[in-house]
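Structure data follow from start30.txt (compact mmCIF, C-alpha atoms and all ligand atoms):
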```
# COMPACT_ATOMS: atom_id res chain seq x y z
CA MET A 1 95.18 50.91 143.19
CA LYS A 2 94.82 53.13 146.22
CA PHE A 3 93.07 56.48 146.31
CA TYR A 4 94.21 59.20 148.68
CA SER A 5 92.33 62.20 150.02
CA LEU A 6 93.37 65.56 148.61
CA ASN A 7 93.12 66.94 152.15
CA LYS A 8 95.78 64.41 153.23
CA GLN A 9 94.18 63.90 156.66
CA ALA A 10 92.57 60.52 155.98
CA PRO A 11 94.08 57.12 155.13
CA PRO A 12 94.30 55.94 151.48
CA VAL A 13 91.53 53.56 150.47
CA SER A 14 90.75 50.94 147.83
CA PHE A 15 88.57 51.64 144.77
CA LYS A 16 85.69 49.92 146.52
CA GLU A 17 85.96 52.09 149.59
CA ALA A 18 86.37 55.26 147.55
CA VAL A 19 83.18 54.41 145.64
CA ILE A 20 81.19 53.57 148.76
CA ARG A 21 82.38 56.59 150.74
CA GLY A 22 82.18 59.09 147.90
CA ILE A 23 84.21 61.63 149.84
CA ALA A 24 87.01 61.02 152.37
CA PRO A 25 86.35 61.41 156.12
CA ASP A 26 88.51 64.59 156.09
CA ARG A 27 86.16 66.05 153.41
CA GLY A 28 88.83 65.69 150.71
CA LEU A 29 88.20 64.35 147.22
CA TYR A 30 89.76 60.99 146.45
CA PHE A 31 92.55 60.92 143.89
CA PRO A 32 94.33 57.93 142.30
CA GLU A 33 97.83 57.38 143.68
CA SER A 34 99.27 56.99 140.16
CA PHE A 35 98.54 57.09 136.45
CA THR A 36 100.28 54.46 134.36
CA PRO A 37 100.31 55.53 130.71
CA LEU A 38 98.87 53.01 128.28
CA PRO A 39 101.47 51.54 125.90
CA ASP A 40 102.23 53.38 122.63
CA SER A 41 100.88 50.40 120.75
CA PHE A 42 97.46 51.04 122.31
CA PHE A 43 97.27 54.46 120.68
CA GLU A 44 98.91 53.28 117.44
CA THR A 45 96.26 50.65 116.87
CA ILE A 46 93.33 52.19 118.71
CA GLU A 47 91.15 52.17 115.59
CA GLU A 48 91.26 48.38 115.65
CA LEU A 49 89.76 48.26 119.15
CA SER A 50 86.09 48.34 120.03
CA ASN A 51 84.85 50.99 122.44
CA HIS A 52 84.40 48.31 125.08
CA GLU A 53 88.02 47.19 124.70
CA ILE A 54 89.28 50.78 124.86
CA ALA A 55 87.27 51.43 128.01
CA PHE A 56 88.48 48.24 129.69
CA ASN A 57 92.13 49.06 129.00
CA ALA A 58 91.69 52.59 130.29
CA ILE A 59 89.80 51.89 133.52
CA HIS A 60 91.41 48.64 134.58
CA GLN A 61 94.32 50.17 136.49
CA PHE A 62 91.90 52.15 138.70
CA VAL A 63 89.53 49.29 139.45
CA SER A 64 92.42 46.77 139.62
CA ASP A 65 91.19 43.36 140.77
CA GLU A 66 88.46 44.69 143.03
CA ILE A 67 85.94 43.81 140.37
CA PRO A 68 86.80 40.62 138.43
CA ASN A 69 87.67 41.30 134.77
CA GLU A 70 84.67 39.45 133.41
CA GLU A 71 82.33 41.41 135.69
CA LEU A 72 84.02 44.70 134.77
CA LYS A 73 83.58 43.89 131.08
CA LYS A 74 79.88 43.30 131.66
CA ILE A 75 79.58 46.60 133.50
CA LEU A 76 81.28 48.38 130.61
CA ALA A 77 79.09 46.69 128.02
CA ASN A 78 75.97 47.79 129.92
CA THR A 79 77.31 51.32 130.39
CA LEU A 80 78.44 51.88 126.81
CA ASP A 81 75.59 50.48 124.75
CA PHE A 82 75.09 53.63 122.68
CA ASP A 83 77.06 55.69 120.13
CA PHE A 84 79.48 58.57 120.57
CA PRO A 85 79.60 60.07 117.09
CA ILE A 86 81.71 63.01 115.94
CA VAL A 87 79.73 65.31 113.69
CA GLU A 88 81.51 67.85 111.47
CA ILE A 89 79.99 71.31 111.95
CA GLU A 90 82.22 73.53 109.81
CA GLU A 91 85.84 73.60 108.70
CA ASN A 92 88.03 72.53 111.63
CA VAL A 93 85.08 72.43 114.00
CA ALA A 94 83.37 69.21 115.00
CA THR A 95 81.21 68.14 117.89
CA LEU A 96 81.34 64.96 119.94
CA GLU A 97 77.74 64.02 120.64
CA LEU A 98 77.44 62.62 124.13
CA PHE A 99 73.67 62.53 124.26
CA HIS A 100 72.72 59.19 122.77
CA GLY A 101 72.19 57.47 126.12
CA PRO A 102 68.96 56.88 128.04
CA THR A 103 68.68 60.37 129.60
CA MET A 104 70.36 62.16 126.70
CA ALA A 105 73.23 63.79 128.59
CA PHE A 106 76.86 62.73 128.99
CA LYS A 107 76.19 62.00 132.65
CA ASP A 108 74.64 58.68 131.65
CA VAL A 109 78.16 57.26 131.27
CA GLY A 110 79.36 58.08 134.77
CA ALA A 111 76.02 57.41 136.44
CA ARG A 112 75.54 53.99 134.86
CA PHE A 113 79.10 52.93 135.55
CA MET A 114 78.90 54.04 139.17
CA ALA A 115 75.49 52.45 139.72
CA GLN A 116 76.74 49.08 138.56
CA CYS A 117 79.96 49.28 140.57
CA LEU A 118 77.97 50.15 143.68
CA GLY A 119 75.48 47.39 142.89
CA TYR A 120 78.39 44.95 142.64
CA PHE A 121 80.00 46.12 145.89
CA SER A 122 76.77 46.12 147.89
CA LYS A 123 75.89 42.54 146.96
CA GLY A 124 75.88 40.52 150.15
CA GLU A 125 76.24 43.60 152.38
CA LYS A 126 73.82 43.84 155.27
CA THR A 127 73.08 47.55 155.13
CA ASP A 128 71.65 49.38 152.17
CA VAL A 129 73.63 52.25 150.71
CA THR A 130 71.81 55.55 150.37
CA VAL A 131 72.96 57.69 147.47
CA LEU A 132 72.34 61.35 148.23
CA VAL A 133 72.80 63.69 145.31
CA ALA A 134 72.14 67.32 144.42
CA THR A 135 71.38 68.16 140.81
CA SER A 136 71.53 71.34 138.78
CA GLY A 137 69.68 69.57 136.00
CA ASP A 138 71.05 66.48 134.29
CA THR A 139 72.69 64.57 137.12
CA GLY A 140 69.31 63.79 138.67
CA GLY A 141 67.91 62.07 135.60
CA ALA A 142 71.09 60.17 134.80
CA VAL A 143 71.49 58.97 138.38
CA ALA A 144 67.80 58.04 138.69
CA ASN A 145 67.98 56.07 135.46
CA GLY A 146 71.32 54.44 136.23
CA PHE A 147 70.33 53.33 139.74
CA LEU A 148 66.72 52.37 139.04
CA GLY A 149 66.11 48.92 140.48
CA VAL A 150 69.70 48.41 141.70
CA GLU A 151 69.35 46.20 144.74
CA GLY A 152 70.71 47.39 148.07
CA VAL A 153 70.82 51.01 146.93
CA LYS A 154 68.34 53.81 147.69
CA VAL A 155 68.63 57.11 145.86
CA VAL A 156 67.59 60.53 147.15
CA ILE A 157 67.85 63.41 144.69
CA LEU A 158 67.65 67.08 145.67
CA TYR A 159 66.79 69.59 142.97
CA PRO A 160 66.06 73.32 143.04
CA ASN A 161 62.38 74.09 142.50
CA GLY A 162 61.76 75.93 139.24
CA LYS A 163 65.41 75.92 138.15
CA VAL A 164 65.55 72.74 136.08
CA SER A 165 63.81 72.28 132.75
CA ASP A 166 60.47 70.46 132.54
CA ILE A 167 62.04 67.42 130.88
CA GLN A 168 64.89 67.31 133.39
CA GLU A 169 62.33 67.39 136.20
CA ARG A 170 60.30 64.59 134.62
CA GLN A 171 63.39 62.42 134.26
CA LEU A 172 64.07 62.50 137.97
CA THR A 173 60.55 62.55 139.42
CA THR A 174 58.69 59.92 137.41
CA LEU A 175 60.59 56.68 137.99
CA GLY A 176 59.59 55.68 141.54
CA GLN A 177 60.90 52.36 142.98
CA ASN A 178 64.17 53.04 144.85
CA ILE A 179 64.33 56.67 143.65
CA THR A 180 62.96 59.63 145.65
CA ALA A 181 63.05 63.25 144.47
CA LEU A 182 63.14 66.11 146.97
CA LYS A 183 62.14 69.48 145.57
CA VAL A 184 64.07 72.18 147.40
CA ASP A 185 62.84 75.71 147.85
CA GLY A 186 66.20 77.29 146.91
CA THR A 187 69.09 77.20 144.42
CA PHE A 188 71.42 74.40 143.33
CA ASP A 189 74.00 75.76 145.80
CA ASP A 190 71.43 75.33 148.60
CA CYS A 191 70.85 71.73 147.51
CA GLN A 192 74.58 71.06 147.40
CA LYS A 193 75.04 72.63 150.84
CA MET A 194 72.33 70.41 152.34
CA VAL A 195 73.98 67.32 150.86
CA LYS A 196 77.36 68.34 152.24
CA THR A 197 75.86 69.01 155.68
CA ALA A 198 74.25 65.57 155.70
CA PHE A 199 77.62 63.97 154.99
CA LEU A 200 79.00 65.61 158.14
CA ASP A 201 76.01 64.89 160.36
CA GLU A 202 76.94 62.26 162.94
CA ASN A 203 73.29 61.53 163.72
CA ILE A 204 72.71 60.55 160.11
CA LEU A 205 76.02 58.74 159.59
CA LYS A 206 75.44 56.40 162.52
CA GLU A 207 72.08 55.39 161.06
CA MET A 208 73.00 54.81 157.43
CA GLN A 209 75.74 54.32 154.84
CA LEU A 210 75.59 57.50 152.75
CA THR A 211 77.40 58.08 149.49
CA SER A 212 77.39 60.72 146.81
CA ALA A 213 76.77 60.29 143.10
CA ASN A 214 78.09 63.69 142.11
CA SER A 215 81.28 63.77 140.07
CA ILE A 216 83.26 63.90 143.29
CA ASN A 217 82.71 60.12 143.35
CA VAL A 218 85.60 58.45 141.51
CA ALA A 219 83.25 55.96 139.84
CA ARG A 220 81.35 58.82 138.25
CA TRP A 221 84.35 60.95 137.43
CA LEU A 222 86.84 58.49 135.88
CA PRO A 223 84.67 56.67 133.28
CA GLN A 224 84.12 60.04 131.63
CA LEU A 225 87.59 59.65 130.15
CA PHE A 226 86.26 56.91 127.83
CA TYR A 227 84.68 59.13 125.22
CA PHE A 228 87.76 61.35 124.91
CA LEU A 229 89.50 58.18 123.76
CA PHE A 230 86.59 57.35 121.43
CA ALA A 231 86.92 60.84 119.94
CA TYR A 232 90.66 60.38 119.55
CA LYS A 233 90.08 57.09 117.77
CA GLN A 234 87.72 58.73 115.27
CA ALA A 235 89.88 61.82 114.66
CA LYS A 236 93.14 59.89 114.42
CA VAL A 237 92.05 58.36 111.15
CA GLN A 238 92.14 61.87 109.70
CA GLY A 239 95.56 62.59 111.22
CA LYS A 240 94.33 65.55 113.24
CA GLU A 241 95.54 66.87 116.57
CA ILE A 242 92.63 67.80 118.77
CA VAL A 243 91.76 70.87 120.79
CA PHE A 244 88.91 69.84 123.11
CA SER A 245 86.41 72.45 124.24
CA ILE A 246 84.35 71.27 127.19
CA PRO A 247 81.32 73.15 128.49
CA SER A 248 82.09 73.06 132.21
CA GLY A 249 80.23 73.42 135.49
CA ASN A 250 81.66 71.23 138.21
CA PHE A 251 84.71 70.47 136.01
CA GLY A 252 84.48 66.69 136.35
CA ASN A 253 84.13 66.08 132.63
CA ILE A 254 87.15 68.16 131.60
CA CYS A 255 89.19 66.72 134.43
CA ALA A 256 88.46 63.22 133.07
CA GLY A 257 89.72 64.38 129.66
CA MET A 258 92.94 65.44 131.34
CA VAL A 259 93.23 61.98 132.85
CA ALA A 260 92.93 60.51 129.32
CA GLN A 261 95.85 62.75 128.36
CA ARG A 262 97.76 61.54 131.41
CA LEU A 263 97.23 58.00 130.14
CA GLY A 264 99.11 59.02 127.00
CA MET A 265 96.40 60.27 124.66
CA PRO A 266 97.70 63.16 122.51
CA VAL A 267 95.70 66.37 123.05
CA LYS A 268 96.74 69.77 121.73
CA HIS A 269 94.87 71.90 124.23
CA PHE A 270 91.86 71.97 126.55
CA ILE A 271 89.31 74.77 126.68
CA ALA A 272 87.00 75.04 129.67
CA ALA A 273 84.03 77.01 128.41
CA THR A 274 81.65 78.36 131.04
CA ASN A 275 78.55 80.52 131.26
CA VAL A 276 78.65 83.64 133.47
CA ASN A 277 79.56 81.44 136.41
CA ASP A 278 83.18 82.27 135.67
CA THR A 279 85.16 81.28 138.77
CA VAL A 280 87.67 79.31 136.69
CA PRO A 281 88.05 81.79 133.79
CA GLN A 282 88.74 84.40 136.49
CA TYR A 283 91.26 82.10 138.13
CA MET A 284 93.08 81.65 134.82
CA LEU A 285 93.24 85.44 134.50
CA THR A 286 94.17 86.36 138.04
CA LYS A 287 95.61 83.16 139.60
CA GLU A 288 93.14 83.79 142.43
CA TYR A 289 90.48 81.18 143.10
CA THR A 290 87.43 83.02 144.42
CA PRO A 291 84.23 80.97 144.59
CA LYS A 292 80.98 82.88 144.39
CA PRO A 293 77.25 82.20 144.56
CA SER A 294 75.91 80.69 141.34
CA THR A 295 73.84 82.67 138.84
CA ALA A 296 70.97 81.05 136.92
CA THR A 297 71.52 80.80 133.15
CA ILE A 298 70.04 78.99 130.13
CA SER A 299 72.87 76.45 130.40
CA ASN A 300 71.64 75.50 133.86
CA ALA A 301 73.73 72.36 134.32
CA MET A 302 76.77 74.64 134.51
CA ASP A 303 75.42 77.07 137.09
CA VAL A 304 78.14 76.34 139.58
CA GLY A 305 80.00 79.00 141.52
CA ASP A 306 82.50 76.74 143.29
CA PRO A 307 83.33 73.84 140.95
CA SER A 308 84.15 70.87 143.13
CA ASN A 309 86.51 69.11 140.69
CA PHE A 310 88.75 72.07 139.97
CA ILE A 311 90.89 71.06 142.91
CA ARG A 312 91.59 67.77 141.12
CA ILE A 313 92.76 69.66 138.05
CA ARG A 314 95.09 71.83 140.12
CA HIS A 315 96.42 68.72 141.78
CA LEU A 316 97.02 67.01 138.40
CA TYR A 317 99.39 69.90 137.66
CA ASP A 318 100.93 69.91 141.16
CA ASP A 319 99.39 73.35 141.59
CA ASN A 320 101.86 74.70 139.04
CA PHE A 321 99.96 77.51 137.34
CA GLU A 322 102.42 77.90 134.46
CA GLU A 323 102.12 74.21 133.54
CA LEU A 324 98.34 74.32 133.79
CA GLU A 325 98.13 77.42 131.65
CA LYS A 326 100.08 75.70 128.83
CA ASN A 327 97.38 73.07 128.59
CA LEU A 328 94.18 74.85 129.62
CA SER A 329 92.41 78.05 128.61
CA SER A 330 89.08 79.09 130.03
CA TYR A 331 86.50 81.53 128.71
CA SER A 332 83.08 82.63 129.88
CA PHE A 333 80.01 83.59 127.82
CA ASP A 334 76.67 85.10 128.74
CA ASP A 335 73.21 83.93 127.67
CA LYS A 336 72.99 86.47 124.87
CA GLU A 337 76.20 85.20 123.29
CA THR A 338 75.04 81.63 123.82
CA LYS A 339 71.74 82.18 122.01
CA ALA A 340 73.52 84.03 119.20
CA ALA A 341 75.85 81.03 118.85
CA MET A 342 72.92 78.59 118.75
CA LEU A 343 71.39 80.65 115.97
CA GLU A 344 74.69 80.95 114.10
CA ILE A 345 75.37 77.20 114.24
CA PHE A 346 71.86 76.52 112.99
CA GLU A 347 71.78 79.11 110.23
CA LYS A 348 75.27 78.41 108.91
CA ASN A 349 75.37 74.67 109.32
CA GLY A 350 71.84 73.44 109.92
CA TYR A 351 72.89 71.93 113.27
CA ILE A 352 70.88 72.43 116.43
CA ALA A 353 73.10 72.72 119.49
CA ASP A 354 71.83 72.83 123.04
CA PRO A 355 72.85 75.83 125.19
CA HIS A 356 75.73 73.92 126.84
CA GLY A 357 77.16 72.73 123.54
CA ALA A 358 76.84 76.28 122.20
CA VAL A 359 79.01 77.53 125.08
CA GLY A 360 81.56 74.87 124.11
CA TYR A 361 81.41 76.04 120.49
CA LEU A 362 82.02 79.65 121.57
CA GLY A 363 85.04 78.58 123.64
CA LEU A 364 86.51 76.75 120.67
CA LYS A 365 85.93 79.65 118.26
CA LYS A 366 87.59 82.06 120.67
CA HIS A 367 90.63 79.80 120.88
CA GLN A 368 90.78 79.42 117.11
CA LYS A 369 90.96 83.21 116.72
CA LYS A 370 94.30 82.98 118.52
CA GLN A 371 95.33 79.68 116.93
CA PRO A 372 93.93 79.78 113.39
CA GLY A 373 93.83 76.50 111.56
CA SER A 374 93.73 74.32 114.66
CA TYR A 375 91.21 71.49 114.64
CA GLY A 376 88.78 71.39 117.51
CA ILE A 377 86.02 69.27 118.95
CA PHE A 378 83.45 70.76 121.30
CA LEU A 379 81.44 68.39 123.45
CA GLU A 380 77.68 68.33 122.93
CA THR A 381 76.89 67.38 126.50
CA ALA A 382 73.09 67.13 126.18
CA HIS A 383 70.44 66.73 123.50
CA PRO A 384 68.77 70.04 122.56
CA VAL A 385 65.36 68.57 123.34
CA LYS A 386 66.23 68.74 127.05
CA PHE A 387 66.13 72.53 126.74
CA LEU A 388 63.15 72.67 124.46
CA ASP A 389 61.83 76.13 125.35
CA VAL A 390 65.13 77.95 124.83
CA VAL A 391 66.02 75.96 121.72
CA VAL A 392 62.68 76.44 119.97
CA GLU A 393 62.56 80.12 120.88
CA THR A 394 66.14 80.69 119.68
CA VAL A 395 66.32 78.76 116.42
CA ASP A 396 62.60 78.93 115.68
CA LYS A 397 62.38 75.32 114.63
CA GLU A 398 60.48 72.44 116.17
CA VAL A 399 62.67 69.73 117.67
CA GLU A 400 61.57 66.15 117.31
CA ILE A 401 61.06 64.43 120.66
CA PRO A 402 63.12 61.22 120.82
CA PRO A 403 61.57 58.04 122.28
CA GLN A 404 63.65 58.17 125.49
CA ILE A 405 62.06 61.52 126.30
CA GLN A 406 58.57 60.67 125.07
CA LYS A 407 58.52 57.88 127.62
CA VAL A 408 58.66 60.31 130.56
CA MET A 409 56.38 62.98 129.12
CA SER A 410 53.14 61.26 130.04
CA LYS A 411 54.19 60.10 133.50
CA GLU A 412 53.19 61.84 136.69
CA LYS A 413 55.84 63.89 138.50
CA LYS A 414 56.23 62.88 142.14
CA SER A 415 58.39 64.72 144.63
CA ILE A 416 58.50 65.80 148.25
CA SER A 417 58.94 69.53 148.91
CA ILE A 418 61.49 70.61 151.50
CA LYS A 419 62.66 74.02 152.66
CA SER A 420 65.44 73.40 155.15
CA TYR A 421 68.19 71.03 156.15
CA ASP A 422 66.11 69.88 159.12
CA GLU A 423 63.43 68.68 156.74
CA LEU A 424 66.00 66.71 154.74
CA LYS A 425 67.35 65.19 157.93
CA SER A 426 63.97 64.14 159.21
CA TYR A 427 63.17 62.62 155.81
CA LEU A 428 66.40 60.59 155.84
CA LEU A 429 66.02 59.44 159.43
CA ASN A 430 62.36 58.51 159.20
CA GLU A 431 62.39 56.89 155.79
C1 LIG B 1 76.65 68.46 134.04
C2 LIG B 1 76.65 69.12 132.72
C3 LIG B 1 77.72 69.95 132.31
C4 LIG B 1 78.88 70.26 133.22
O1 LIG B 1 79.72 69.16 133.42
P1 LIG B 1 80.80 69.15 134.59
O2 LIG B 1 81.43 67.82 134.57
O3 LIG B 1 80.05 69.41 135.85
O4 LIG B 1 81.75 70.27 134.30
C5 LIG B 1 77.69 70.47 131.03
N1 LIG B 1 76.64 70.24 130.20
C6 LIG B 1 75.59 69.47 130.57
C7 LIG B 1 74.48 69.29 129.62
C8 LIG B 1 75.57 68.89 131.83
O5 LIG B 1 74.51 68.14 132.18
```
Do you think you could lay out the structure here as structure tokens?
Ligand SMILES: *Cc1c(COP(=O)(O)O)cnc(C)c1O
Amino acid sequence: MKFYSLNKQAPPVSFKEAVIRGIAPDRGLYFPESFTPLPDSFFETIEELSNHEIAFNAIHQFVSDEIPNEELKKILANTLDFDFPIVEIEENVATLELFHGPTMAFKDVGARFMAQCLGYFSKGEKTDVTVLVATSGDTGGAVANGFLGVEGVKVVILYPNGKVSDIQERQLTTLGQNITALKVDGTFDDCQKMVKTAFLDENILKEMQLTSANSINVARWLPQLFYFLFAYKQAKVQGKEIVFSIPSGNFGNICAGMVAQRLGMPVKHFIAATNVNDTVPQYMLTKEYTPKPSTATISNAMDVGDPSNFIRIRHLYDDNFEELEKNLSSYSFDDKETKAAMLEIFEKNGYIADPHGAVGYLGLKKHQKKQPGSYGIFLETAHPVKFLDVVVETVDKEVEIPPQIQKVMSKEKKSISIKSYDELKSYLLNE
């Protein structure tokens, strides 16, 4: 399978090259040259398959023979060693819990898969790969955890000082080894800008092999389609057609769900639920894509003003707005509505949602007002404990701290403070 650049000014590359480069030399995102639907029989008998078998069938066409099947199966087994349960919340509303992995956010799936692919590809290479990544919250922890101890790979994580939760910060600053955290005096957008500048900086590129572990990397983006299939498998038994509501920031997760649909999985509709960073809801209203600076919210992992994967979604629909609109609706909610939803879900159903999941819930409920009786699943993208302060203050109930999180609570946070791109550059070049 080849991957081409969406800017069309760079040659197509193999899976391996797409993973190592992260982004094409013309600054375009890589995109698979084709999607071959899985056979009908796959969907007809999906409940007889294990999650590992489902994942292998779904990802194989993208990886092709660049990783031997046995190795790919091992990578999948290591990536998917936790559960993806669907929990019924109320009539016609369920949640897909994606937080049972080591850092308790859905990003564990993409980060672990990518780390192992990169580990496989860098075996026997002379130069180390440096993974440079900006985080608005959960990426940092998932990437740090996924790449910890992977040989031949160094990881540098940029995060905005004071804008990630205490637990998120601990997850990315306490591991050590091949992981370094840089605390940036600025916003997530500033971090992202620095990372993008580094990728264009000839002085850096001639010194090191840089790659990105944000969802622009195909090895982080594509494996996210797995759990849409796992959800389908669970809901199919009940004969229900699914509306998926995905709390969205950079739009990699929802775009992976659309790839699952492209592979033949039946989906009734997609909802992209956002916080006040509403570039995509505005686009769906006005057909104008106008990026803007991000605003800080309680669902901080979605504080993105220019979602990098939205271009992939537009491309999936050949930039045909009418076709996209048939399959996607997008709504935005502010923090007040989000907290009210967290309280409502808790009081009515005894379920504690995190702020991101609550935004997904709101998106689904809004859709169901227009389409009463439809069955929907909103994605619970992180465990509520990761947003302890907001959750405890909103639902007024103590949240039990799971062992994965307890492990990082007592460790010392270590990071290097930087203020400017020049400081990042000198760190990278002198490291
Ligand atoms: C990253 C993240 C999101 C947004 O996912 P995208 O793929 O960037 O749209 C939503 N919720 C949580 C908890 C996240 O960590």
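Counting all atoms listed in the file and comparing A:Lys365, A:His383, A:Lys196, A:His269, the residue that lies closest to ligand LIG 1 (chain B) is A:His383.
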Could you list, as a PDB file with C-alpha atoms, keeping the file's coordinate frame, all protein and nucleic acid residues with an atom at most 9 Å from ligand LIG 1 (chain B), counting only C-alpha atoms and all ligand atoms?
```
ATOM      1  CA  PHE A  99      73.670  62.530 124.260  1.00  0.00           C
ATOM      2  CA  MET A 104      70.360  62.160 126.700  1.00  0.00           C
ATOM      3  CA  ALA A 105      73.230  63.790 128.590  1.00  0.00           C
ATOM      4  CA  PHE A 106      76.860  62.730 128.990  1.00  0.00           C
ATOM      5  CA  LYS A 107      76.190  62.000 132.650  1.00  0.00           C
ATOM      6  CA  THR A 135      71.380  68.160 140.810  1.00  0.00           C
ATOM      7  CA  SER A 136      71.530  71.340 138.780  1.00  0.00           C
ATOM      8  CA  GLY A 137      69.680  69.570 136.000  1.00  0.00           C
ATOM      9  CA  ASP A 138      71.050  66.480 134.290  1.00  0.00           C
ATOM     10  CA  THR A 139      72.690  64.570 137.120  1.00  0.00           C
ATOM     11  CA  ASN A 214      78.090  63.690 142.110  1.00  0.00           C
ATOM     12  CA  SER A 215      81.280  63.770 140.070  1.00  0.00           C
ATOM     13  CA  TRP A 221      84.350  60.950 137.430  1.00  0.00           C
ATOM     14  CA  GLN A 224      84.120  60.040 131.630  1.00  0.00           C
ATOM     15  CA  ILE A 246      84.350  71.270 127.190  1.00  0.00           C
ATOM     16  CA  PRO A 247      81.320  73.150 128.490  1.00  0.00           C
ATOM     17  CA  SER A 248      82.090  73.060 132.210  1.00  0.00           C
ATOM     18  CA  GLY A 249      80.230  73.420 135.490  1.00  0.00           C
ATOM     19  CA  ASN A 250      81.660  71.230 138.210  1.00  0.00           C
ATOM     20  CA  PHE A 251      84.710  70.470 136.010  1.00  0.00           C
ATOM     21  CA  GLY A 252      84.480  66.690 136.350  1.00  0.00           C
ATOM     22  CA  ASN A 253      84.130  66.080 132.630  1.00  0.00           C
ATOM     23  CA  ILE A 254      87.150  68.160 131.600  1.00  0.00           C
ATOM     24  CA  CYS A 255      89.190  66.720 134.430  1.00  0.00           C
ATOM     25  CA  ALA A 256      88.460  63.220 133.070  1.00  0.00           C
ATOM     26  CA  ALA A 272      87.000  75.040 129.670  1.00  0.00           C
ATOM     27  CA  THR A 274      81.650  78.360 131.040  1.00  0.00           C
ATOM     28  CA  SER A 299      72.870  76.450 130.400  1.00  0.00           C
ATOM     29  CA  ASN A 300      71.640  75.500 133.860  1.00  0.00           C
ATOM     30  CA  ALA A 301      73.730  72.360 134.320  1.00  0.00           C
ATOM     31  CA  MET A 302      76.770  74.640 134.510  1.00  0.00           C
ATOM     32  CA  ASP A 303      75.420  77.070 137.090  1.00  0.00           C
ATOM     33  CA  VAL A 304      78.140  76.340 139.580  1.00  0.00           C
ATOM     34  CA  PRO A 307      83.330  73.840 140.950  1.00  0.00           C
ATOM     35  CA  SER A 308      84.150  70.870 143.130  1.00  0.00           C
ATOM     36  CA  ASN A 309      86.510  69.110 140.690  1.00  0.00           C
ATOM     37  CA  ASP A 354      71.830  72.830 123.040  1.00  0.00           C
ATOM     38  CA  PRO A 355      72.850  75.830 125.190  1.00  0.00           C
ATOM     39  CA  HIS A 356      75.730  73.920 126.840  1.00  0.00           C
ATOM     40  CA  GLY A 357      77.160  72.730 123.540  1.00  0.00           C
ATOM     41  CA  LEU A 379      81.440  68.390 123.450  1.00  0.00           C
ATOM     42  CA  GLU A 380      77.680  68.330 122.930  1.00  0.00           C
ATOM     43  CA  THR A 381      76.890  67.380 126.500  1.00  0.00           C
ATOM     44  CA  ALA A 382      73.090  67.130 126.180  1.00  0.00           C
ATOM     45  CA  HIS A 383      70.440  66.730 123.500  1.00  0.00           C
ATOM     46  CA  LYS A 386      66.230  68.740 127.050  1.00  0.00           C
TER      47      LYS A 386
END
```
Could you pull the residues within 8 Å of A:Glu33, counting only C-alpha atoms, minus those fewer than 2 positions along the same chain, as a list in words?
Met1, Lys2, Phe3, Tyr4, Phe31 and Phe35 of chain A
Give me the residues near A:Val391 as a ChimeraX atom specification, where near means some atom within 12 Å (using only C-alpha atoms) and where sequence neighbours in that chain fewer than 2 positions away do not count.
/A:165,298-299,338-343,346,351-358,383-389,393-400
If you count all atoms listed in the file, which residues fall within 12 Å of A:Phe42, apart from same-chain ones fewer than 4 positions away, as a PDB file with C-alpha atoms, keeping the file's coordinate frame?
```
ATOM      1  CA  PRO A  37     100.310  55.530 130.710  1.00  0.00           C
ATOM      2  CA  LEU A  38      98.870  53.010 128.280  1.00  0.00           C
ATOM      3  CA  ILE A  46      93.330  52.190 118.710  1.00  0.00           C
ATOM      4  CA  GLU A  47      91.150  52.170 115.590  1.00  0.00           C
ATOM      5  CA  GLU A  48      91.260  48.380 115.650  1.00  0.00           C
ATOM      6  CA  LEU A  49      89.760  48.260 119.150  1.00  0.00           C
ATOM      7  CA  SER A  50      86.090  48.340 120.030  1.00  0.00           C
ATOM      8  CA  GLU A  53      88.020  47.190 124.700  1.00  0.00           C
ATOM      9  CA  ILE A  54      89.280  50.780 124.860  1.00  0.00           C
ATOM     10  CA  ALA A  55      87.270  51.430 128.010  1.00  0.00           C
ATOM     11  CA  PHE A  56      88.480  48.240 129.690  1.00  0.00           C
ATOM     12  CA  ASN A  57      92.130  49.060 129.000  1.00  0.00           C
ATOM     13  CA  ALA A  58      91.690  52.590 130.290  1.00  0.00           C
ATOM     14  CA  LEU A 229      89.500  58.180 123.760  1.00  0.00           C
ATOM     15  CA  TYR A 232      90.660  60.380 119.550  1.00  0.00           C
ATOM     16  CA  LYS A 233      90.080  57.090 117.770  1.00  0.00           C
ATOM     17  CA  LEU A 263      97.230  58.000 130.140  1.00  0.00           C
ATOM     18  CA  GLY A 264      99.110  59.020 127.000  1.00  0.00           C
ATOM     19  CA  MET A 265      96.400  60.270 124.660  1.00  0.00           C
TER      20      MET A 265
END
```
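If all atoms listed in the file are the atoms counted, then among A:Phe188, A:Phe43, A:Phe333, A:Phe113 the closest residue to A:Gly146 is A:Phe113.
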Atom CA of A:Leu182 to atom CA of A:Ala115: how many Å, to one decimal?
19.8 Å
